[in-house]
Amino acid sequence: MTWVLIAMILILLIPIYEAWQGDDIWQKMLAFASIATKTSIMILIVSILRDDWMIGVVGVLILSVGNAALMLLAHLIRQLNTRGMNPEKRTIWTPEQRRAE
């Protein structure tokens, strides 16, 4: 079972590399969701190995609440993109300015 954890840690490096390499915000969010899921599964495996259900509860909370918070952030970014907020200038575009670009 220890080898499974070592393999999972090595597999965890793939989304970390993807998040570090890319510039697209959606690819980074997808990579961070993958990292959160894999770490919570690793916590669940450790809790089974140690026969400690309190650690397992923490893993389940990270799995459910962490991904929910990430989806809330994705929804917020999508709303900002559709309503026309310019993050570089921190201004809100009018419809005329949006058509000009």
# chains A, B, ... in the order shown; residues from 1 in each chain; ligands from 1
>>> residues_around(residues="A:Leu10", least_positions_apart="6", cutoff="12 Å", atoms="only C-alpha atoms", output="ChimeraX atom specification")
/A:3-4,16-17,35,38-39,42
>>> select_by_dssp(residues="chain A", states="strand (DSSP E)", output="list in words")
Met85, Asn86, Thr91 and Ile92 of chain A
>>> residues_around(residues="A:Met29", least_positions_apart="6", cutoff="12 Å", atoms="only C-alpha atoms", output="short mmCIF file (atom, residue, chain, number, x, y, z; two decimals) with C-alpha atoms, in the first residue's frame")
data_model
loop_
_atom_site.label_atom_id
_atom_site.label_comp_id
_atom_site.auth_asym_id
_atom_site.auth_seq_id
_atom_site.Cartn_x
_atom_site.Cartn_y
_atom_site.Cartn_z
CA PRO A 15 -1.22 18.54 -12.73
CA ILE A 16 1.24 20.64 -10.73
CA GLU A 18 0.43 21.63 -16.01
CA ALA A 19 -0.67 24.46 -13.71
CA TRP A 20 2.85 25.87 -13.64
CA GLY A 22 0.05 27.04 -18.81
CA ASP A 23 -1.36 30.55 -18.90
CA ILE A 35 -4.69 18.15 -7.21
CA ALA A 36 -7.39 18.60 -4.57
CA GLY A 66 -12.70 21.96 -1.73
CA ASN A 67 -14.23 21.13 -5.08
CA ALA A 69 -15.30 26.19 -3.53
CA LEU A 70 -13.43 25.72 -6.79
CA MET A 71 -16.69 25.47 -8.73
CA LEU A 72 -17.92 28.65 -7.04
CA LEU A 73 -14.74 30.41 -8.13
CA ALA A 74 -15.19 29.13 -11.69
CA HIS A 75 -18.75 30.47 -11.75
CA ILE A 77 -14.84 34.08 -13.16
#
>>> residues_around(residues="A:Leu44", least_positions_apart="6", cutoff="10 Å", atoms="only C-alpha atoms", output="VMD selection string")
chain A and resid 38 50 52 to 60 63
>>> select_by_dssp(residues="chain A", states="helix (DSSP H, G or I)", output="short mmCIF file (atom, residue, chain, number, x, y, z; two decimals) with C-alpha atoms, in the first residue's frame")
data_model
loop_
_atom_site.label_atom_id
_atom_site.label_comp_id
_atom_site.auth_asym_id
_atom_site.auth_seq_id
_atom_site.Cartn_x
_atom_site.Cartn_y
_atom_site.Cartn_z
CA THR A 2 2.96 2.29 0.55
CA TRP A 3 3.88 1.88 -3.10
CA VAL A 4 0.40 3.02 -4.05
CA LEU A 5 0.92 6.23 -2.08
CA ILE A 6 4.31 6.82 -3.67
CA ALA A 7 2.80 6.28 -7.12
CA MET A 8 -0.03 8.70 -6.31
CA ILE A 9 2.46 11.35 -5.19
CA LEU A 10 4.34 10.96 -8.47
CA ILE A 11 1.09 11.19 -10.42
CA LEU A 12 0.25 14.33 -8.43
CA LEU A 13 3.23 16.06 -10.05
CA ILE A 14 1.55 15.98 -13.49
CA PRO A 15 -1.22 18.54 -12.73
CA ILE A 16 1.24 20.64 -10.73
CA TYR A 17 3.47 20.84 -13.82
CA GLU A 18 0.43 21.63 -16.01
CA ALA A 19 -0.67 24.46 -13.71
CA TRP A 20 2.85 25.87 -13.64
CA GLN A 21 3.33 25.69 -17.41
CA ILE A 25 -7.02 30.18 -16.19
CA TRP A 26 -9.38 27.29 -16.94
CA GLN A 27 -6.50 24.85 -17.37
CA LYS A 28 -5.06 26.01 -14.05
CA MET A 29 -8.40 25.57 -12.29
CA LEU A 30 -8.76 22.10 -13.77
CA ALA A 31 -5.27 21.22 -12.58
CA PHE A 32 -5.98 22.51 -9.07
CA ALA A 33 -9.23 20.53 -8.93
CA SER A 34 -7.28 17.44 -9.91
CA ILE A 35 -4.69 18.15 -7.21
CA ALA A 36 -7.39 18.60 -4.57
CA THR A 37 -9.10 15.36 -5.55
CA LYS A 38 -5.90 13.35 -5.58
CA THR A 39 -4.72 14.66 -2.23
CA SER A 40 -8.05 13.93 -0.59
CA ILE A 41 -7.98 10.38 -1.98
CA MET A 42 -4.45 10.03 -0.59
CA ILE A 43 -5.71 11.21 2.80
CA LEU A 44 -8.48 8.60 2.65
CA ILE A 45 -5.94 5.84 1.87
CA VAL A 46 -3.74 6.95 4.78
CA SER A 47 -6.76 6.90 7.07
CA ILE A 48 -7.55 3.33 6.01
CA LEU A 49 -3.94 2.25 6.52
CA ARG A 50 -3.80 3.79 9.99
CA TRP A 53 -11.48 7.47 10.79
CA MET A 54 -10.96 11.06 11.95
CA ILE A 55 -8.37 11.52 9.21
CA GLY A 56 -10.87 9.98 6.79
CA VAL A 57 -13.48 12.54 7.78
CA VAL A 58 -11.00 15.31 7.02
CA GLY A 59 -10.33 13.73 3.62
CA VAL A 60 -14.04 13.61 2.83
CA LEU A 61 -14.47 17.24 3.87
CA ILE A 62 -11.59 18.32 1.67
CA LEU A 63 -13.03 16.31 -1.21
CA SER A 64 -16.51 17.81 -0.95
CA VAL A 65 -15.91 21.37 0.25
CA GLY A 66 -12.70 21.96 -1.73
CA ASN A 67 -14.23 21.13 -5.08
CA ALA A 68 -17.38 23.10 -4.25
CA ALA A 69 -15.30 26.19 -3.53
CA LEU A 70 -13.43 25.72 -6.79
CA MET A 71 -16.69 25.47 -8.73
CA LEU A 72 -17.92 28.65 -7.04
CA LEU A 73 -14.74 30.41 -8.13
CA ALA A 74 -15.19 29.13 -11.69
CA HIS A 75 -18.75 30.47 -11.75
CA LEU A 76 -17.54 33.85 -10.48
CA ILE A 77 -14.84 34.08 -13.16
CA ARG A 78 -17.33 33.11 -15.86
CA GLN A 79 -19.75 35.81 -14.70
CA LEU A 80 -16.99 38.41 -14.73
CA ASN A 81 -16.02 37.39 -18.26
CA THR A 82 -19.57 37.52 -19.60
CA ARG A 83 -20.41 40.84 -17.97
CA PRO A 95 -21.48 47.65 -24.41
CA GLU A 96 -20.09 50.25 -26.84
CA GLN A 97 -16.54 49.66 -25.61
CA ARG A 98 -17.00 45.93 -25.88
CA ARG A 99 -18.13 46.24 -29.53
CA ALA A 100 -15.14 48.45 -30.34
#
